[in-house]
Amino acid sequence: MQIGDWAVLLTAATAAGWVDAVVGGGGLIILPTLFLVAPTIAPQTALGTNKLAAVAGTSASVVTFARKVPLRWRVLLPAAAIAAITAGIGAAAVSLIDRDLFIPIVMVVLVAVAVFVTLRPSIGVTLATHAPTRRKFILTVALAAGLIGLYDGLLGPGTGTFLIITFATLLGTEFVRAAAMAKVINCGSNVGALLFFGATGHIIWALGAAMAVGNVAGAIVGSHMALRNGAKFVRVVLLVVVVGMVIRLGWQQFG
């Protein structure tokens with residue numbers, strides 16, 4: 001690759017880190033850019049290289065959020081481990097999935113998310129009147145980690161977004177806290193997928209490490225902006241990113 005290609009990828013990784021920290025969906029920036037710059041790259045290698053950058057970015061987001069947002073680590077850390085396991089399983093099953101069928105399903109879910117958030121302006125902006133019971137909190141987080149972690153290993157884009165919506169809707173968590181929780185789970189799923197792709201030789205380590213630097217920078221800035229501007233800011237970015245993901249996936253599928 002030429003110097004210009006490296007510059008494009010580092011810029012994309014930085015932008016992806018910012019988006020991922022706020023609402024998730026950074027993979028839809030990095031992955032198309034990788035295929036644009038290196039059109040012959042294998043899909044598994046693109047996913048694995050992206051995961052190397054994503055692990056660094058989500059880790060930076062977790063540290064940034066944790067300094068300001070109280071988190072229930074006794075629940076979130078085991079859930080992150082569950083996400084790591086299911087993401088590894090998902091990564092191993094990538095070649096078995098009919099992606100031409102899978103992507104339209106994801107698009108339908110994303111459209112439903114956009115409609116739901118638009119029609120329910122209080123979701124994620126105001127706290128639930130009654131806090132969820134400990135049992136409901138644990139079950140919700142564990143199930144989300146397992147199912148969405150599996151999706152992250154299989155496809156990936158929008159993982160953080162799905163986690164945020166799940167926590168805001170089912171637990172009544174406001175968006176900033178939901179984003180912080182999502183980053184912990186997403187970090188686990190990224191690690192699980194990364195381990196599989198690394199073990200099977202599907203990572204370009206030098207490129208992934210360089211992209212990780214930009215991803216971390218974007219993640220730190222994005223996390224601080226989410227903390228400073230609050231839930232309404234996150235809600236607006238969420239809607240913009242979801243619409244962008246639908247358009248991007250639609251173009252990929254039908255364009």
# chains A, B, ... in the order shown; residues from 1 in each chain; ligands from 1

call {"tool": "residues_around", "arguments": {"residues": "A:Leu76", "least_positions_apart": "6", "cutoff": "12 Å", "atoms": "only C-alpha atoms", "output": "VMD selection string"}}
result
chain A and resid 62 66 70 82 to 83 137 to 145 178 180 to 188

call {"tool": "residues_around", "arguments": {"residues": "A:Val246", "least_positions_apart": "3", "cutoff": "10 Å", "atoms": "only C-alpha atoms", "output": "list in words"}}
result
Ile103, Pro104, Val106, Met107, Val108, Val109, Leu110, Val111, Ala114, Val241, Val242, Val243, Leu249, Gly250, Trp251 and Gln252 of chain A

call {"tool": "residues_around", "arguments": {"residues": "A:Asn50", "least_positions_apart": "3", "cutoff": "10 Å", "atoms": "only C-alpha atoms", "output": "list in words"}}
result
Ala13, Gly26, Gly27, Ile30, Leu31, Leu34, Gln44, Thr45, Ala46, Leu47, Ala53, Ala54, Val55, Asn190, Leu194, Ile203, Ile204, Leu207, Gly208, Ala209, Met211, Ala212 and Asn215 of chain A

call {"tool": "residues_around", "arguments": {"residues": "A:Leu239", "least_positions_apart": "5", "cutoff": "10 Å", "atoms": "only C-alpha atoms", "output": "PyMOL selection string"}}
result
chain A and resi 23+110-111+113-115+117-118+161+234+244-245

call {"tool": "closest_residue", "arguments": {"among": "A:Ala56, A:Ile220, A:Ala179, A:Ala193", "to": "A:Ala91", "atoms": "only C-alpha atoms"}}
result
A:Ala193

call {"tool": "select_by_dssp", "arguments": {"residues": "stretch 73-237 of chain A", "states": "alpha helix (DSSP H)", "output": "PyMOL selection string"}}
result
chain A and resi 73-92+99-119+134-154+159-171+175-199+205-237

call {"tool": "atom_distance", "arguments": {"atom1": "atom CA of A:Ala131", "atom2": "atom CA of A:Thr64"}}
result
24.8 Å

call {"tool": "decode", "arguments": {"residues": "stretch 131-150 of chain A", "atoms": "N, CA, C and O atoms", "output": "PDB file, in the first residue's frame"}}
result
ATOM      1  N   ALA A 131     -36.230   1.038  39.042  1.00  0.00           N
ATOM      2  CA  ALA A 131     -35.007   0.347  38.637  1.00  0.00           C
ATOM      3  C   ALA A 131     -35.286  -1.141  38.463  1.00  0.00           C
ATOM      4  O   ALA A 131     -36.107  -1.716  39.186  1.00  0.00           O
ATOM      5  N   PRO A 132     -34.658  -1.803  37.497  1.00  0.00           N
ATOM      6  CA  PRO A 132     -34.885  -3.232  37.301  1.00  0.00           C
ATOM      7  C   PRO A 132     -34.378  -4.038  38.491  1.00  0.00           C
ATOM      8  O   PRO A 132     -33.453  -3.628  39.183  1.00  0.00           O
ATOM      9  N   THR A 133     -35.003  -5.173  38.731  1.00  0.00           N
ATOM     10  CA  THR A 133     -34.528  -6.041  39.807  1.00  0.00           C
ATOM     11  C   THR A 133     -33.153  -6.587  39.440  1.00  0.00           C
ATOM     12  O   THR A 133     -32.758  -6.590  38.263  1.00  0.00           O
ATOM     13  N   ARG A 134     -32.433  -7.064  40.433  1.00  0.00           N
ATOM     14  CA  ARG A 134     -31.107  -7.619  40.187  1.00  0.00           C
ATOM     15  C   ARG A 134     -31.194  -8.800  39.209  1.00  0.00           C
ATOM     16  O   ARG A 134     -30.363  -8.934  38.308  1.00  0.00           O
ATOM     17  N   ARG A 135     -32.211  -9.630  39.389  1.00  0.00           N
ATOM     18  CA  ARG A 135     -32.374 -10.793  38.516  1.00  0.00           C
ATOM     19  C   ARG A 135     -32.597 -10.368  37.073  1.00  0.00           C
ATOM     20  O   ARG A 135     -31.974 -10.923  36.148  1.00  0.00           O
ATOM     21  N   LYS A 136     -33.477  -9.384  36.864  1.00  0.00           N
ATOM     22  CA  LYS A 136     -33.738  -8.914  35.502  1.00  0.00           C
ATOM     23  C   LYS A 136     -32.492  -8.289  34.896  1.00  0.00           C
ATOM     24  O   LYS A 136     -32.194  -8.505  33.707  1.00  0.00           O
ATOM     25  N   PHE A 137     -31.765  -7.529  35.692  1.00  0.00           N
ATOM     26  CA  PHE A 137     -30.544  -6.890  35.204  1.00  0.00           C
ATOM     27  C   PHE A 137     -29.542  -7.950  34.739  1.00  0.00           C
ATOM     28  O   PHE A 137     -28.981  -7.863  33.635  1.00  0.00           O
ATOM     29  N   ILE A 138     -29.313  -8.954  35.567  1.00  0.00           N
ATOM     30  CA  ILE A 138     -28.338 -10.004  35.241  1.00  0.00           C
ATOM     31  C   ILE A 138     -28.757 -10.780  33.995  1.00  0.00           C
ATOM     32  O   ILE A 138     -27.948 -11.012  33.086  1.00  0.00           O
ATOM     33  N   LEU A 139     -30.030 -11.192  33.950  1.00  0.00           N
ATOM     34  CA  LEU A 139     -30.511 -11.965  32.815  1.00  0.00           C
ATOM     35  C   LEU A 139     -30.441 -11.171  31.518  1.00  0.00           C
ATOM     36  O   LEU A 139     -30.038 -11.701  30.472  1.00  0.00           O
ATOM     37  N   THR A 140     -30.835  -9.911  31.574  1.00  0.00           N
ATOM     38  CA  THR A 140     -30.823  -9.069  30.376  1.00  0.00           C
ATOM     39  C   THR A 140     -29.410  -8.886  29.858  1.00  0.00           C
ATOM     40  O   THR A 140     -29.134  -9.041  28.655  1.00  0.00           O
ATOM     41  N   VAL A 141     -28.497  -8.549  30.756  1.00  0.00           N
ATOM     42  CA  VAL A 141     -27.109  -8.316  30.353  1.00  0.00           C
ATOM     43  C   VAL A 141     -26.481  -9.607  29.821  1.00  0.00           C
ATOM     44  O   VAL A 141     -25.784  -9.599  28.795  1.00  0.00           O
ATOM     45  N   ALA A 142     -26.733 -10.727  30.493  1.00  0.00           N
ATOM     46  CA  ALA A 142     -26.143 -12.001  30.075  1.00  0.00           C
ATOM     47  C   ALA A 142     -26.668 -12.441  28.706  1.00  0.00           C
ATOM     48  O   ALA A 142     -25.893 -12.868  27.835  1.00  0.00           O
ATOM     49  N   LEU A 143     -27.994 -12.341  28.510  1.00  0.00           N
ATOM     50  CA  LEU A 143     -28.573 -12.733  27.228  1.00  0.00           C
ATOM     51  C   LEU A 143     -28.104 -11.818  26.096  1.00  0.00           C
ATOM     52  O   LEU A 143     -27.796 -12.281  24.989  1.00  0.00           O
ATOM     53  N   ALA A 144     -28.048 -10.520  26.375  1.00  0.00           N
ATOM     54  CA  ALA A 144     -27.567  -9.573  25.363  1.00  0.00           C
ATOM     55  C   ALA A 144     -26.122  -9.876  24.997  1.00  0.00           C
ATOM     56  O   ALA A 144     -25.744  -9.856  23.817  1.00  0.00           O
ATOM     57  N   ALA A 145     -25.306 -10.157  26.010  1.00  0.00           N
ATOM     58  CA  ALA A 145     -23.900 -10.465  25.760  1.00  0.00           C
ATOM     59  C   ALA A 145     -23.759 -11.710  24.891  1.00  0.00           C
ATOM     60  O   ALA A 145     -22.964 -11.740  23.941  1.00  0.00           O
ATOM     61  N   GLY A 146     -24.542 -12.745  25.204  1.00  0.00           N
ATOM     62  CA  GLY A 146     -24.439 -13.987  24.452  1.00  0.00           C
ATOM     63  C   GLY A 146     -24.917 -13.863  23.018  1.00  0.00           C
ATOM     64  O   GLY A 146     -24.205 -14.242  22.076  1.00  0.00           O
ATOM     65  N   LEU A 147     -26.103 -13.295  22.835  1.00  0.00           N
ATOM     66  CA  LEU A 147     -26.692 -13.231  21.500  1.00  0.00           C
ATOM     67  C   LEU A 147     -26.017 -12.177  20.621  1.00  0.00           C
ATOM     68  O   LEU A 147     -25.676 -12.446  19.463  1.00  0.00           O
ATOM     69  N   ILE A 148     -25.807 -10.990  21.168  1.00  0.00           N
ATOM     70  CA  ILE A 148     -25.201  -9.929  20.370  1.00  0.00           C
ATOM     71  C   ILE A 148     -23.707 -10.188  20.196  1.00  0.00           C
ATOM     72  O   ILE A 148     -23.108  -9.816  19.179  1.00  0.00           O
ATOM     73  N   GLY A 149     -23.089 -10.857  21.171  1.00  0.00           N
ATOM     74  CA  GLY A 149     -21.700 -11.264  21.006  1.00  0.00           C
ATOM     75  C   GLY A 149     -21.553 -12.238  19.846  1.00  0.00           C
ATOM     76  O   GLY A 149     -20.607 -12.145  19.049  1.00  0.00           O
ATOM     77  N   LEU A 150     -22.496 -13.175  19.718  1.00  0.00           N
ATOM     78  CA  LEU A 150     -22.494 -14.113  18.592  1.00  0.00           C
ATOM     79  C   LEU A 150     -22.599 -13.355  17.275  1.00  0.00           C
ATOM     80  O   LEU A 150     -21.870 -13.638  16.311  1.00  0.00           O
TER      81      LEU A 150
END
